[in-house]
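Containing PDB, C-alpha atoms and all ligand atoms: final_33.pdb.
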ATOM      1  CA  MET A  30       9.409 -11.529  10.208
ATOM      2  CA  ASP A  31       8.453 -13.980  12.966
ATOM      3  CA  LEU A  32       7.284 -11.573  15.661
ATOM      4  CA  ARG A  33       3.943 -11.953  17.463
ATOM      5  CA  ILE A  34       2.544  -8.480  17.948
ATOM      6  CA  VAL A  35      -0.586  -6.875  19.341
ATOM      7  CA  LEU A  36      -1.446  -3.375  18.234
ATOM      8  CA  LEU A  37      -3.025  -1.235  20.961
ATOM      9  CA  GLY A  38      -4.488   2.260  20.811
ATOM     10  CA  PRO A  39      -7.867   3.970  20.999
ATOM     11  CA  PRO A  40     -10.457   3.809  18.211
ATOM     12  CA  GLY A  41      -9.189   5.793  15.227
ATOM     13  CA  SER A  42      -5.566   5.774  16.363
ATOM     14  CA  GLY A  43      -4.599   4.226  13.031
ATOM     15  CA  LYS A  44      -4.421   0.543  13.892
ATOM     16  CA  GLY A  45      -6.184  -0.605  10.731
ATOM     17  CA  THR A  46      -4.228   1.651   8.371
ATOM     18  CA  GLN A  47      -0.859   0.834   9.905
ATOM     19  CA  THR A  48      -1.671  -2.866  10.035
ATOM     20  CA  GLU A  49      -2.187  -2.943   6.269
ATOM     21  CA  ARG A  50       1.261  -1.436   5.718
ATOM     22  CA  LEU A  51       2.979  -3.698   8.223
ATOM     23  CA  VAL A  52       1.462  -6.725   6.518
ATOM     24  CA  GLU A  53       2.746  -5.508   3.148
ATOM     25  CA  GLU A  54       6.297  -4.903   4.375
ATOM     26  CA  PHE A  55       6.812  -7.699   6.890
ATOM     27  CA  GLY A  56       4.366 -10.363   5.690
ATOM     28  CA  PHE A  57       2.581 -10.773   9.016
ATOM     29  CA  THR A  58      -0.633 -12.718   9.196
ATOM     30  CA  LYS A  59      -3.170 -10.098  10.231
ATOM     31  CA  ILE A  60      -6.117 -10.933  12.424
ATOM     32  CA  SER A  61      -8.551  -8.084  13.046
ATOM     33  CA  THR A  62     -11.488  -8.915  15.299
ATOM     34  CA  GLY A  63     -13.345  -5.806  14.088
ATOM     35  CA  ASP A  64     -13.056  -6.939  10.429
ATOM     36  CA  LEU A  65     -14.062 -10.496  11.308
ATOM     37  CA  LEU A  66     -17.076  -9.301  13.282
ATOM     38  CA  ARG A  67     -18.205  -6.932  10.516
ATOM     39  CA  GLU A  68     -17.918  -9.802   8.027
ATOM     40  CA  ALA A  69     -20.069 -11.977  10.304
ATOM     41  CA  VAL A  70     -22.650  -9.173  10.528
ATOM     42  CA  ARG A  71     -22.670  -8.795   6.723
ATOM     43  CA  ASN A  72     -23.127 -12.518   6.231
ATOM     44  CA  GLY A  73     -25.909 -12.668   8.817
ATOM     45  CA  THR A  74     -24.265 -15.542  10.729
ATOM     46  CA  PRO A  75     -25.418 -16.351  14.300
ATOM     47  CA  LEU A  76     -22.238 -14.673  15.583
ATOM     48  CA  GLY A  77     -22.961 -11.594  13.463
ATOM     49  CA  LYS A  78     -26.547 -11.381  14.712
ATOM     50  CA  GLU A  79     -25.395 -11.498  18.310
ATOM     51  CA  ALA A  80     -22.493  -9.058  17.829
ATOM     52  CA  LYS A  81     -24.325  -6.342  15.885
ATOM     53  CA  GLY A  82     -26.163  -4.744  18.819
ATOM     54  CA  TYR A  83     -22.971  -4.373  20.838
ATOM     55  CA  MET A  84     -21.050  -2.935  17.898
ATOM     56  CA  ASP A  85     -23.724  -0.396  17.011
ATOM     57  CA  ALA A  86     -23.777   0.720  20.651
ATOM     58  CA  GLY A  87     -19.981   1.117  20.797
ATOM     59  CA  LYS A  88     -19.712  -1.673  23.408
ATOM     60  CA  LEU A  89     -17.449  -4.691  23.499
ATOM     61  CA  VAL A  90     -18.828  -7.926  22.081
ATOM     62  CA  PRO A  91     -18.841 -10.579  24.871
ATOM     63  CA  ASP A  92     -15.508 -12.298  25.470
ATOM     64  CA  ASP A  93     -16.633 -15.865  24.801
ATOM     65  CA  LEU A  94     -17.633 -14.926  21.238
ATOM     66  CA  VAL A  95     -14.493 -12.961  20.425
ATOM     67  CA  VAL A  96     -12.014 -15.280  22.130
ATOM     68  CA  GLY A  97     -13.505 -18.261  20.280
ATOM     69  CA  LEU A  98     -13.146 -16.397  17.007
ATOM     70  CA  ILE A  99      -9.516 -15.466  17.532
ATOM     71  CA  LYS A 100      -8.567 -18.922  18.767
ATOM     72  CA  GLU A 101     -10.025 -20.487  15.632
ATOM     73  CA  LYS A 102      -8.175 -18.023  13.379
ATOM     74  CA  LEU A 103      -4.844 -18.558  15.131
ATOM     75  CA  GLU A 104      -4.954 -22.315  14.764
ATOM     76  CA  GLY A 105      -2.241 -23.521  12.435
ATOM     77  CA  VAL A 106      -0.906 -20.010  11.736
ATOM     78  CA  LYS A 107       2.869 -20.006  11.337
ATOM     79  CA  GLY A 108       5.325 -17.096  11.354
ATOM     80  CA  GLY A 109       4.685 -13.504  12.355
ATOM     81  CA  VAL A 110       1.240 -12.466  13.547
ATOM     82  CA  LEU A 111      -0.305  -9.060  14.027
ATOM     83  CA  LEU A 112      -3.444  -8.783  16.140
ATOM     84  CA  ASP A 113      -5.502  -5.660  15.447
ATOM     85  CA  GLY A 114      -8.279  -4.880  17.942
ATOM     86  CA  PHE A 115      -7.598  -7.847  20.198
ATOM     87  CA  PRO A 116      -7.204  -8.076  23.162
ATOM     88  CA  ARG A 117      -9.458  -5.228  24.269
ATOM     89  CA  SER A 118      -9.751  -6.027  27.974
ATOM     90  CA  LEU A 119      -7.604  -7.555  30.709
ATOM     91  CA  GLU A 120      -9.845 -10.630  30.669
ATOM     92  CA  GLN A 121      -9.172 -11.115  26.941
ATOM     93  CA  ALA A 122      -5.430 -10.598  27.415
ATOM     94  CA  LYS A 123      -5.318 -13.278  30.100
ATOM     95  CA  LYS A 124      -7.303 -15.731  27.972
ATOM     96  CA  LEU A 125      -5.071 -15.010  24.978
ATOM     97  CA  GLU A 126      -2.018 -15.943  27.032
ATOM     98  CA  GLU A 127      -3.318 -19.488  27.353
ATOM     99  CA  PHE A 128      -2.776 -20.157  23.641
ATOM    100  CA  PHE A 129      -0.653 -17.290  22.217
ATOM    101  CA  HIS A 130       2.518 -15.649  23.481
ATOM    102  CA  VAL A 131       2.633 -11.893  22.829
ATOM    103  CA  GLU A 132       6.199 -10.798  22.096
ATOM    104  CA  MET A 133       5.497  -7.121  21.479
ATOM    105  CA  ALA A 134       2.606  -4.740  22.235
ATOM    106  CA  VAL A 135       2.761  -1.571  20.143
ATOM    107  CA  ASP A 136       0.682   1.211  21.687
ATOM    108  CA  LEU A 137      -0.275   4.154  19.473
ATOM    109  CA  ASP A 138      -0.386   7.295  21.547
ATOM    110  CA  VAL A 139      -2.861   9.829  20.110
ATOM    111  CA  ASP A 140      -4.812  12.871  21.302
ATOM    112  CA  GLN A 141      -8.510  11.952  21.694
ATOM    113  CA  GLU A 142      -9.970  15.138  20.160
ATOM    114  CA  VAL A 143      -8.022  14.514  16.950
ATOM    115  CA  LEU A 144      -9.516  11.049  16.866
ATOM    116  CA  ILE A 145     -13.123  12.235  16.736
ATOM    117  CA  LYS A 146     -12.358  13.949  13.431
ATOM    118  CA  ARG A 147     -10.411  10.979  12.135
ATOM    119  CA  LEU A 148     -13.246   8.583  12.846
ATOM    120  CA  THR A 149     -16.238  10.562  11.677
ATOM    121  CA  GLU A 150     -14.503  11.311   8.354
ATOM    122  CA  ARG A 151     -13.230   7.784   7.885
ATOM    123  CA  ARG A 152     -14.488   5.671   4.999
ATOM    124  CA  SER A 153     -13.963   1.918   4.688
ATOM    125  CA  CYS A 154     -14.045  -0.472   1.734
ATOM    126  CA  ARG A 155     -16.932  -2.948   1.784
ATOM    127  CA  LYS A 156     -14.879  -5.504  -0.111
ATOM    128  CA  CYS A 157     -11.274  -5.436   1.202
ATOM    129  CA  ASN A 158     -11.621  -3.402   4.452
ATOM    130  CA  ALA A 159      -9.021  -0.827   3.371
ATOM    131  CA  VAL A 160      -9.506   2.476   5.199
ATOM    132  CA  PHE A 161      -9.432   6.032   3.850
ATOM    133  CA  HIS A 162     -10.017   9.488   5.277
ATOM    134  CA  LEU A 163     -11.890  12.224   3.439
ATOM    135  CA  GLU A 164      -9.158  14.757   4.263
ATOM    136  CA  PHE A 165      -5.945  12.991   5.317
ATOM    137  CA  ASN A 166      -5.975   9.914   3.082
ATOM    138  CA  PRO A 167      -8.629  10.436   0.394
ATOM    139  CA  PRO A 168      -9.301   7.813  -2.282
ATOM    140  CA  LYS A 169      -8.244   8.802  -5.834
ATOM    141  CA  VAL A 170     -11.846   8.533  -7.000
ATOM    142  CA  PRO A 171     -14.450   9.590  -4.409
ATOM    143  CA  GLY A 172     -16.418   6.651  -3.042
ATOM    144  CA  ILE A 173     -14.201   4.005  -4.685
ATOM    145  CA  CYS A 174     -11.433   1.939  -3.080
ATOM    146  CA  ASP A 175      -7.971   2.541  -4.630
ATOM    147  CA  LYS A 176      -6.899  -1.007  -3.905
ATOM    148  CA  CYS A 177      -9.760  -3.161  -5.197
ATOM    149  CA  GLY A 178     -12.356  -0.841  -6.753
ATOM    150  CA  GLY A 179     -14.892  -1.721  -4.042
ATOM    151  CA  GLU A 180     -17.487   0.690  -2.690
ATOM    152  CA  LEU A 181     -16.494   2.922   0.228
ATOM    153  CA  TYR A 182     -18.940   3.408   3.108
ATOM    154  CA  GLN A 183     -19.124   4.907   6.572
ATOM    155  CA  ARG A 184     -19.140   2.257   9.298
ATOM    156  CA  SER A 185     -22.339   2.445  11.344
ATOM    157  CA  ASP A 186     -20.196   2.882  14.462
ATOM    158  CA  ASP A 187     -18.226   5.825  13.027
ATOM    159  CA  THR A 188     -20.962   8.365  13.782
ATOM    160  CA  GLU A 189     -20.144  10.896  16.496
ATOM    161  CA  LYS A 190     -22.566   9.471  19.073
ATOM    162  CA  VAL A 191     -21.200   5.927  18.815
ATOM    163  CA  VAL A 192     -17.615   7.180  18.572
ATOM    164  CA  ARG A 193     -17.990   8.852  21.993
ATOM    165  CA  GLU A 194     -19.346   5.625  23.435
ATOM    166  CA  ARG A 195     -16.423   3.685  21.923
ATOM    167  CA  PHE A 196     -13.983   6.055  23.645
ATOM    168  CA  ALA A 197     -15.719   5.509  26.983
ATOM    169  CA  THR A 198     -15.457   1.744  26.450
ATOM    170  CA  TYR A 199     -11.801   2.119  25.495
ATOM    171  CA  THR A 200     -10.927   4.184  28.574
ATOM    172  CA  GLU A 201     -12.684   1.803  30.933
ATOM    173  CA  ARG A 202     -11.841  -1.601  29.437
ATOM    174  CA  THR A 203      -8.893  -1.346  27.042
ATOM    175  CA  ALA A 204      -6.583   1.408  28.331
ATOM    176  CA  PRO A 205      -5.477  -0.746  31.336
ATOM    177  CA  LEU A 206      -3.816  -3.131  28.855
ATOM    178  CA  THR A 207      -0.994  -0.652  28.358
ATOM    179  CA  GLU A 208       0.078  -1.127  31.971
ATOM    180  CA  TYR A 209      -0.439  -4.877  31.741
ATOM    181  CA  TYR A 210       1.967  -5.226  28.822
ATOM    182  CA  ARG A 211       4.396  -2.712  30.322
ATOM    183  CA  GLN A 212       4.731  -4.938  33.363
ATOM    184  CA  LYS A 213       5.413  -7.895  31.095
ATOM    185  CA  GLY A 214       8.245  -5.906  29.518
ATOM    186  CA  VAL A 215       6.866  -6.051  25.956
ATOM    187  CA  LEU A 216       5.256  -2.605  25.610
ATOM    188  CA  ARG A 217       6.525  -0.195  22.941
ATOM    189  CA  SER A 218       4.770   3.190  22.934
ATOM    190  CA  VAL A 219       4.792   5.018  19.623
ATOM    191  CA  ASP A 220       3.741   8.611  18.969
ATOM    192  CA  GLY A 221       0.670   8.187  16.755
ATOM    193  CA  MET A 222       0.271  11.875  15.869
ATOM    194  CA  GLY A 223       1.243  13.315  12.496
ATOM    195  CA  PRO A 224       1.099  12.101   8.897
ATOM    196  CA  ILE A 225       0.380   8.410   8.275
ATOM    197  CA  ASP A 226       3.797   7.836   6.638
ATOM    198  CA  GLU A 227       5.670   9.286   9.604
ATOM    199  CA  VAL A 228       3.727   7.241  12.120
ATOM    200  CA  TYR A 229       4.361   4.169   9.982
ATOM    201  CA  LYS A 230       8.093   4.826   9.969
ATOM    202  CA  ARG A 231       8.130   5.005  13.773
ATOM    203  CA  ILE A 232       6.232   1.735  14.083
ATOM    204  CA  ALA A 233       8.326  -0.053  11.460
ATOM    205  CA  ASP A 234      11.534   1.005  13.269
ATOM    206  CA  VAL A 235      10.234  -0.418  16.535
ATOM    207  CA  VAL A 236       9.209  -3.657  14.817
ATOM    208  CA  ARG A 237      12.609  -4.021  13.114
ATOM    209  CA  GLU A 238      14.359  -3.650  16.477
ATOM    210  CA  GLY A 239      12.287  -6.681  17.580
TER     211      GLY A 239
HETATM  212  P1  LIG B   1     -12.756  -2.057  15.486
HETATM  213  O1  LIG B   1     -12.926  -2.279  14.038
HETATM  214  O2  LIG B   1     -11.518  -2.714  16.033
HETATM  215  O3  LIG B   1     -12.869  -0.614  15.887
HETATM  216  O4  LIG B   1     -13.994  -2.819  16.210
HETATM  217  C1  LIG B   1     -15.334  -2.433  15.980
HETATM  218  C2  LIG B   1     -16.248  -2.994  17.056
HETATM  219  O5  LIG B   1     -16.181  -4.427  17.056
HETATM  220  C3  LIG B   1     -15.893  -2.597  18.490
HETATM  221  O6  LIG B   1     -16.419  -1.333  18.847
HETATM  222  C4  LIG B   1     -16.529  -3.739  19.283
HETATM  223  O7  LIG B   1     -17.939  -3.600  19.383
HETATM  224  C5  LIG B   1     -16.257  -4.940  18.390
HETATM  225  N1  LIG B   1     -14.939  -5.559  18.716
HETATM  226  C6  LIG B   1     -13.804  -5.580  17.956
HETATM  227  N2  LIG B   1     -12.809  -6.228  18.572
HETATM  228  C7  LIG B   1     -13.320  -6.630  19.769
HETATM  229  C8  LIG B   1     -12.799  -7.332  20.885
HETATM  230  N3  LIG B   1     -11.514  -7.758  20.916
HETATM  231  N4  LIG B   1     -13.618  -7.574  21.942
HETATM  232  C9  LIG B   1     -14.907  -7.163  21.944
HETATM  233  N5  LIG B   1     -15.455  -6.482  20.948
HETATM  234  C10 LIG B   1     -14.695  -6.214  19.857
END
Turn this file's structure into structure tokens for me.
Ligand code: AMP
Amino acid sequence: MDLRIVLLGPPGSGKGTQTERLVEEFGFTKISTGDLLREAVRNGTPLGKEAKGYMDAGKLVPDDLVVGLIKEKLEGVKGGVLLDGFPRSLEQAKKLEEFFHVEMAVDLDVDQEVLIKRLTERRSCRKCNAVFHLEFNPPKVPGICDKCGGELYQRSDDTEKVVRERFATYTERTAPLTEYYRQKGVLRSVDGMGPIDEVYKRIADVVREG
């Protein structure tokens, strides 16, 4: 499918999990700034060194770093694209417009209290970035990724203190994007509450409608 989509929604709303499924079904090229930044941190690159402090504090990494990263990744990409975690501010959305036309913005609508539980009990794969939840989406073998056998860990920004800071950042910087994309006529709001499969079905229906 050839659509160019951005996935919006607060931290823990299910963007990463749903992105994986959408990629499987529709073959989108996925670009997740969070995954790319964590990889840079792991590899100790200059970008990673600069980004780490912001990430551990639940703040946004400066635009010039993130926009450069996404621009580089989008170069030469053909067909459908799914952006997960970008843009995260009006400034980023405006910069993105200069080199990428967003055809659909899917906004996951979720209750914030539910999200605290989702995030603090989330576990991520060190190797393939797949995400699990200790209660709602547990791995078959504790501590091991179902998909690749990699080790599961808790992201350093999934602790309650940082999660609260990430929500504050979201409310202040990212939530206004919903209105921005509504005015452009590309916003599709999806109820993000309930079992993962049901939420996926809602998103996939919206995507199929185009
Ligand atoms: P995520 O995995 O999408 O929750 O992102 C984790 C962290 O990476 C965020 O809390 C930010 O510190 C940073 N980050 C990810 N995407 C962006 C972005 N588009 N702009 C700035 N910082 C970002």
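Put simply, the PyMOL selection byres (((chain A and resi 81-96) around 8) and not hetatm) in this file takes in Thr62, Val70, Leu76, Gly77, Lys78, Glu79, Ala80, Gly97, Leu98, Ile99, Lys100, Glu120, Gln121, Lys124, Leu125, Ser185, Asp186, Val191, Val192, Glu194, Arg195 and Thr198 of chain A.
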Which residues are close to Ile225 of chain A, i.e. within 10 Å by only C-alpha atoms, leaving aside same-chain residues fewer than 5 positions away? Reply as an MDAnalysis selection string. chainID A and resid 43 46:47 165:166 230
Tell me which of A:Glu53, A:Asp64, A:Asp140, A:Glu150 sits closest to ligand LIG 1 (chain B), counting all atoms listed in the file.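 Among the listed residues, the smallest separation from ligand LIG 1 (chain B) belongs to A:Asp64.
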Using only C-alpha atoms and all ligand atoms, can you tell me which of A:Ala197, A:Met222, A:Val110, A:Val52 comes closest to ligand LIG 1 (chain B)? A:Ala197
Quick one: what's the axis-aligned box for ligand LIG 1 (chain B), all listed atoms, 3 Å on every side, centre and edges in Å to one decimal, as JSON?
{"center_x": -14.7, "center_y": -4.2, "center_z": 18.0, "size_x": 12.4, "size_y": 13.1, "size_z": 13.9}
A:Gly178, A:Pro75, A:Gly239, A:Gly114: which is nearest Val215 of chain A, counting all atoms listed in the file?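 The shortest atom-to-atom distance to Val215 of chain A comes from A:Gly239.
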Nearest to Tyr229 of chain A by atom-to-atom distance, counting all atoms listed in the file, from A:Arg202, A:Arg33, A:His162, A:Arg50: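 Of A:Arg202, A:Arg33, A:His162, A:Arg50, the one nearest Tyr229 of chain A, counting all atoms listed in the file, is A:Arg50.
Distance check against ligand LIG 1 (chain B) using all atoms listed in the file: of A:Leu163, A:Val170, A:Met30, A:Leu36, the minimum falls on A:Leu36.
With atom O5 of ligand LIG 1 (chain B) on one side and atom CA of Asp113 of chain A on the other, the separation reads 10.9 Å.
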Give me, as a PDB file with C-alpha atoms, in the frame of the given file, all polymer residues having an atom no more than 8 Å from Asp187 of chain A, counting all atoms listed in the file and skipping those fewer than 6 positions away in the same chain.
ATOM      1  CA  LEU A 148     -13.246   8.583  12.846  1.00  0.00           C
ATOM      2  CA  THR A 149     -16.238  10.562  11.677  1.00  0.00           C
ATOM      3  CA  ARG A 151     -13.230   7.784   7.885  1.00  0.00           C
TER       4      ARG A 151
END
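Distance check against ligand LIG 1 (chain B) using all atoms listed in the file: of A:Gly38, A:Gly45, A:Gly223, A:Gly63, the minimum falls on A:Gly63.
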Just want the 8 Å neighbourhood of Leu144 of chain A, counted on all atoms listed in the file, with same-chain residues fewer than 6 positions away dropped. Output as a compact mmCIF listing (two decimals) with C-alpha atoms, in the frame of the given file.
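Output file selection03.txt follows:
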# COMPACT_ATOMS: atom_id res chain seq x y z
CA PRO A 40 -10.46 3.81 18.21
CA GLY A 41 -9.19 5.79 15.23
CA SER A 42 -5.57 5.77 16.36
Polymer residues at most 7 Å from segment 126-137 of chain A, only C-alpha atoms, same-chain spacing of 2 or more positions, as a PyMOL selection string: chain A and resi 32-38+42+122-124+139+210+215-221
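Going from atom CA of Arg237 of chain A to atom O3 of ligand LIG 1 (chain B) covers 25.9 Å.
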d(atom C2 of ligand LIG 1 (chain B), atom CA of Arg117 of chain A) in Å: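 If I compute the distance from atom C2 of ligand LIG 1 (chain B) to atom CA of Arg117 of chain A, I get 10.2 Å.
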Can you spell out as a CSV table (one decimal) with C-alpha atoms, in the coordinates of the input the set of residues that the PyMOL selection byres (((chain A and resi 176) around 10) and not hetatm) selects in the structure I just provided?
chain,number,residue,atom,x,y,z
A,154,CYS,CA,-14.0,-0.5,1.7
A,156,LYS,CA,-14.9,-5.5,-0.1
A,157,CYS,CA,-11.3,-5.4,1.2
A,158,ASN,CA,-11.6,-3.4,4.5
A,159,ALA,CA,-9.0,-0.8,3.4
A,168,PRO,CA,-9.3,7.8,-2.3
A,173,ILE,CA,-14.2,4.0,-4.7
A,174,CYS,CA,-11.4,1.9,-3.1
A,175,ASP,CA,-8.0,2.5,-4.6
A,177,CYS,CA,-9.8,-3.2,-5.2
A,178,GLY,CA,-12.4,-0.8,-6.8
A,179,GLY,CA,-14.9,-1.7,-4.0
